[in-house]
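Asker: So here's structure-v1.txt, just compact mmCIF, C-alpha atoms and all ligand atoms:
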```txt
# COMPACT_ATOMS: atom_id res chain seq x y z
CA MET A 514 0.00 0.00 0.00
CA SER A 515 1.43 3.39 -0.96
CA GLY A 516 1.51 6.35 1.38
CA GLU A 517 -1.04 8.17 -0.72
CA GLU A 518 -3.59 5.34 -0.39
CA LYS A 519 -3.13 5.20 3.35
CA THR A 520 -3.76 8.94 3.60
CA ASN A 521 -6.97 8.60 1.61
CA ALA A 522 -8.18 5.71 3.76
CA ASP A 523 -7.50 7.74 6.91
CA TYR A 524 -9.26 10.65 5.36
CA ILE A 525 -12.41 8.63 4.53
CA ARG A 526 -12.39 7.10 8.01
CA GLY A 527 -12.17 10.59 9.52
CA LEU A 528 -15.13 11.71 7.46
CA GLU A 529 -17.23 8.71 8.41
CA MET A 530 -16.43 9.24 12.09
CA MET A 531 -17.54 12.84 11.74
CA ILE A 532 -20.83 11.77 10.09
CA TYR A 533 -21.32 9.19 12.83
CA ARG A 534 -20.94 11.81 15.57
CA LEU A 535 -23.12 14.38 13.82
CA SER A 536 -25.87 11.80 13.31
CA PHE A 537 -26.44 11.57 17.05
CA LYS A 538 -26.82 15.32 17.27
CA ASN A 539 -29.22 15.35 14.34
CA GLU A 540 -31.20 12.36 15.61
CA VAL A 541 -30.66 10.17 12.59
CA ASP A 542 -29.46 6.56 12.60
CA PRO A 543 -25.64 6.82 12.34
CA GLU A 544 -25.19 3.45 10.60
CA LYS A 545 -27.73 4.43 7.97
CA ALA A 546 -26.19 7.87 7.49
CA VAL A 547 -22.74 6.37 6.91
CA ARG A 548 -24.18 3.83 4.46
CA ILE A 549 -25.95 6.55 2.48
CA PHE A 550 -22.79 8.66 2.49
CA ARG A 551 -20.82 5.69 1.09
CA LEU A 552 -23.39 5.08 -1.62
CA ILE A 553 -23.44 8.70 -2.75
CA ALA A 554 -19.64 8.96 -2.55
CA SER A 555 -19.13 5.84 -4.68
CA GLU A 556 -21.64 6.78 -7.37
CA SER A 557 -19.38 6.89 -10.38
CA ARG A 558 -21.65 7.80 -13.27
CA GLY A 559 -21.53 11.45 -12.24
CA ARG A 560 -25.30 11.75 -12.31
CA GLY A 561 -25.79 11.58 -8.54
CA LEU A 562 -28.38 9.46 -6.73
CA SER A 563 -32.00 10.38 -6.16
CA ASP A 564 -33.81 9.58 -2.95
CA GLU A 565 -35.65 6.88 -4.92
CA ASP A 566 -32.35 5.35 -6.00
CA LEU A 567 -31.25 5.35 -2.37
CA GLU A 568 -34.52 3.82 -1.25
CA SER A 569 -34.20 0.91 -3.66
CA LEU A 570 -30.51 0.43 -2.82
CA THR A 571 -31.00 0.38 0.94
CA GLY A 572 -34.64 -0.43 1.67
CA TYR A 573 -34.72 2.45 4.18
CA ARG A 574 -37.88 4.51 4.47
CA GLN A 575 -38.09 7.66 2.30
CA GLY A 576 -38.59 9.81 5.39
CA GLU A 577 -35.39 8.53 6.97
CA ILE A 578 -33.43 8.99 3.76
CA ARG A 579 -34.67 12.56 3.34
CA LYS A 580 -33.74 13.40 6.93
CA ILE A 581 -30.20 12.10 6.37
CA LEU A 582 -29.89 13.99 3.05
CA ARG A 583 -31.15 17.12 4.76
CA MET A 584 -28.44 16.73 7.41
CA PHE A 585 -25.76 16.30 4.71
CA TYR A 586 -27.08 19.38 2.96
CA ASP A 587 -27.12 21.53 6.11
CA LEU A 588 -23.57 20.45 6.89
CA ARG A 589 -22.43 21.13 3.29
CA ILE A 590 -21.41 17.48 2.91
CA ALA A 591 -23.65 16.91 -0.08
CA GLY A 592 -25.53 18.96 -2.62
CA TYR A 593 -28.17 18.20 -5.19
CA ARG A 594 -29.13 19.16 -8.70
CA ARG A 595 -32.61 19.09 -10.11
CA GLY A 596 -33.36 16.69 -12.89
CA ARG A 597 -36.18 14.84 -14.54
CA HIS A 598 -37.18 11.28 -13.90
CA PRO A 599 -36.17 9.41 -17.10
CA GLU A 600 -39.60 7.78 -17.51
CA THR A 601 -42.22 9.89 -15.77
CA GLY A 602 -40.60 13.31 -16.34
CA ALA A 603 -41.32 14.28 -12.73
CA THR A 604 -38.81 16.55 -10.94
CA ARG A 605 -36.09 14.58 -9.17
CA TYR A 606 -33.22 15.64 -6.96
CA TYR A 607 -29.91 13.95 -7.64
CA TRP A 608 -27.47 14.01 -4.74
CA SER A 609 -23.70 14.04 -4.84
CA ILE A 610 -20.86 14.72 -2.42
CA ASP A 611 -19.50 18.24 -2.20
CA SER A 612 -15.84 17.34 -1.73
CA ASP A 613 -14.48 20.91 -1.59
CA SER A 614 -16.66 21.94 1.29
CA ILE A 615 -16.02 18.63 3.06
CA ASN A 616 -12.31 19.41 3.01
CA VAL A 617 -12.96 22.84 4.46
CA ILE A 618 -15.14 21.34 7.22
CA LEU A 619 -12.50 18.74 8.06
CA VAL A 620 -9.73 21.30 8.27
CA SER A 621 -11.73 23.62 10.51
CA ARG A 622 -12.47 20.69 12.83
CA LYS A 623 -8.81 19.76 12.94
CA LYS A 624 -7.95 23.36 13.75
CA ALA A 625 -10.39 23.33 16.66
CA VAL A 626 -8.78 20.12 17.95
CA LEU A 627 -5.33 21.66 17.52
CA GLN A 628 -6.34 24.70 19.53
CA LYS A 629 -7.55 22.50 22.40
CA LEU A 630 -4.34 20.46 22.34
CA VAL A 631 -2.20 23.61 22.46
CA GLN A 632 -4.21 24.91 25.42
CA ARG A 633 -3.79 21.57 27.15
CA LEU A 634 -0.06 21.60 26.50
CA ASP A 635 0.30 25.12 27.92
CA TYR A 636 -1.65 24.07 31.00
CA GLU A 637 0.57 21.03 31.51
CA ARG A 638 3.76 23.07 31.04
CA GLU A 639 2.70 25.90 33.31
CA ASN A 640 1.49 23.81 36.23
CA ALA A 641 2.98 21.31 38.62
CA PHE A 642 0.73 18.37 39.39
CA TYR A 643 0.22 16.03 42.28
CA VAL A 644 -1.48 12.67 42.19
CA CYS A 645 -3.08 10.42 44.79
CA PRO A 646 -1.25 7.04 44.69
CA ASN A 647 -4.45 5.33 45.82
CA ASP A 648 -7.24 6.59 43.58
CA LYS A 649 -5.07 8.35 40.93
CA THR A 650 -6.93 11.66 41.23
CA ARG A 651 -4.82 14.50 39.89
CA TYR A 652 -4.45 17.90 41.57
CA THR A 653 -2.72 21.11 40.56
CA PHE A 654 -0.11 22.51 42.91
CA ASP A 655 -2.60 25.08 44.24
CA GLU A 656 -5.20 22.42 44.97
CA ALA A 657 -2.65 20.11 46.57
CA PHE A 658 -1.38 22.99 48.69
CA GLU A 659 -4.92 23.77 49.82
CA TYR A 660 -5.44 20.13 50.85
CA GLU A 661 -2.07 20.13 52.62
CA PHE A 662 -0.83 17.51 50.13
CA THR A 663 -3.31 14.96 51.41
CA CYS A 664 -5.97 13.45 49.15
CA PRO A 665 -9.34 14.90 50.26
CA LYS A 666 -11.08 11.71 49.12
CA CYS A 667 -9.07 9.03 50.85
CA GLY A 668 -6.40 10.69 52.99
CA PHE A 669 -3.33 9.32 51.19
CA LEU A 670 -0.34 11.58 50.93
CA LEU A 671 -0.17 13.14 47.44
CA GLU A 672 2.87 12.49 45.27
CA GLU A 673 4.42 14.74 42.69
CA ASP A 674 3.19 13.76 39.22
CA ASN A 675 5.81 13.81 36.51
CA ASN A 676 3.93 14.86 33.38
CA SER A 677 6.87 14.93 30.95
CA LYS A 678 5.63 11.76 29.19
CA TYR A 679 2.21 13.32 28.75
CA ILE A 680 3.74 16.56 27.47
CA GLU A 681 5.70 14.55 24.94
CA VAL A 682 2.53 12.79 23.74
CA LEU A 683 0.80 16.16 23.35
CA GLU A 684 3.74 17.64 21.47
CA ASN A 685 3.80 14.71 19.06
CA ARG A 686 0.08 14.88 18.42
CA ILE A 687 0.30 18.64 17.83
CA ARG A 688 3.12 18.15 15.35
CA GLU A 689 1.10 15.48 13.49
CA ILE A 690 -2.10 17.47 13.31
CA LYS A 691 -0.25 20.60 12.11
CA LYS A 692 1.24 18.55 9.31
CA GLU A 693 -2.16 17.11 8.41
CA ILE A 694 -3.72 20.58 8.28
CA GLU A 695 -0.91 21.81 6.07
CA GLU A 696 -1.43 18.90 3.65
CA ASP A 697 -5.21 19.28 3.68
CA GLU A 698 -4.94 22.98 2.91
CA LYS A 699 -2.60 22.25 0.02
CA LYS A 700 -5.26 19.88 -1.37
CA ILE A 701 -8.05 22.44 -1.02
CA TYR A 702 -6.23 25.39 -2.51
CA SER A 703 -4.54 23.51 -5.32
CA THR A 704 -7.86 22.88 -7.07
ZN ZN A 801 -7.05 9.57 47.15
```
Mind turning the file's structure into structure tokens?
Ligand SMILES: [Zn+2]
Answerer:
Amino acid sequence: MSGEEKTNADYIRGLEMMIYRLSFKNEVDPEKAVRIFRLIASESRGRGLSDEDLESLTGYRQGEIRKILRMFYDLRIAGYRRGRHPETGATRYYWSIDSDSINVILVSRKKAVLQKLVQRLDYERENAFYVCPNDKTRYTFDEAFEYEFTCPKCGFLLEEDNNSKYIEVLENRIREIKKEIEEDEKKIYST
């Protein structure tokens, strides 16, 4: 497997995880939402899929399918174009994935995660921590001082908590996510 393929697989997995999470918020079945996303994303004729197509492919109820499509539309994951039913001539909506806006959404989510990680790292660097050897509760220096270095829950003497390993993990993750954002932005703005 080449590096490029691995990146794409990670990218698709990230997208599906995002759809999964957002489905809970939007009160749609997450498994069904991911399946519909996959079907629309893999439609290769370039025509898009109508809600009728999706109904016959999945057997899900029209109402459920429409709710999922509505969620994709609101989140700028998918868009539609109007067309005519080939036989009846009735108006049909053909759905396809809006890959440019998906990239933008993914990058802004990664940036939000990055910001949280940086805040966390600052907090870890700026504070000294103490931990209860019994129940593993963590306290800042100020809290530990207030409790006279004794765990308020169980009375054990607090020990200094060396967080250098944790800082290292945070630093690595921050480096990775910065690189990902850089690569994603290259993809978006190169097209
Ligand atoms: Zn304790």
Asker: Any residue with an atom at most 10 Å from ligand ZN 801 (chain A) counts, using only C-alpha atoms and all ligand atoms. Which are they? Put them as a VMD selection string.
Answerer: chain A and resid 644 to 651 663 to 671
Asker: Find the residue from A:Asp635, A:Glu565, A:Glu556, A:Asp697 that sits nearest to Lys623 of chain A; use only C-alpha atoms when measuring.
Answerer: A:Asp697
Asker: Pick out the closest residue to Leu570 of chain A from this set: A:Ile590, A:Ala603, A:Ile549, A:Leu582. Count only C-alpha atoms.
Answerer: A:Ile549
Asker: For segment 529-531 of chain A, please output as a ChimeraX atom specification all residues within 10 Å (counting all atoms listed in the file; exclusion window: fewer than 6 positions along the same chain).
Answerer: /A:523,543-544,546-548,550-551,618-619,622
Asker: Ranking A:Asp613, A:Glu684, A:Asp674, A:Asp655 by minimum distance to Leu634 of chain A and counting all atoms listed in the file, which one comes first?
Answerer: A:Glu684
Asker: Just checking: using all atoms listed in the file, which residue out of A:Ile578, A:Asn676, A:Ile553, A:Ile690 ends up closest to Glu639 of chain A?
Answerer: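 Using all atoms listed in the file, Glu639 of chain A sits closest to A:Asn676.
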Asker: For a test of reading the model, state the distance in Å between atom CA of Tyr643 of chain A and atom CA of Lys678 of chain A, rounded to one decimal.
Answerer: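 These atoms are spaced 14.8 Å apart.
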Asker: Please measure the separation of atom CA of Ile525 of chain A and atom CA of Ala554 of chain A, giving the value in Å to one decimal.
Answerer: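 Pair atom CA of Ile525 of chain A / atom CA of Ala554 of chain A returns 10.1 Å.
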Asker: Trp608 of chain A: which residues within 7 Å, counting all atoms listed in the file, same-chain residues fewer than 4 positions away excluded, as a list in words?
Answerer: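 The residues satisfying every condition are Ile553, Gly561, Leu562, Ser563, Ala591, Gly592, Tyr593 and Arg594 of chain A.
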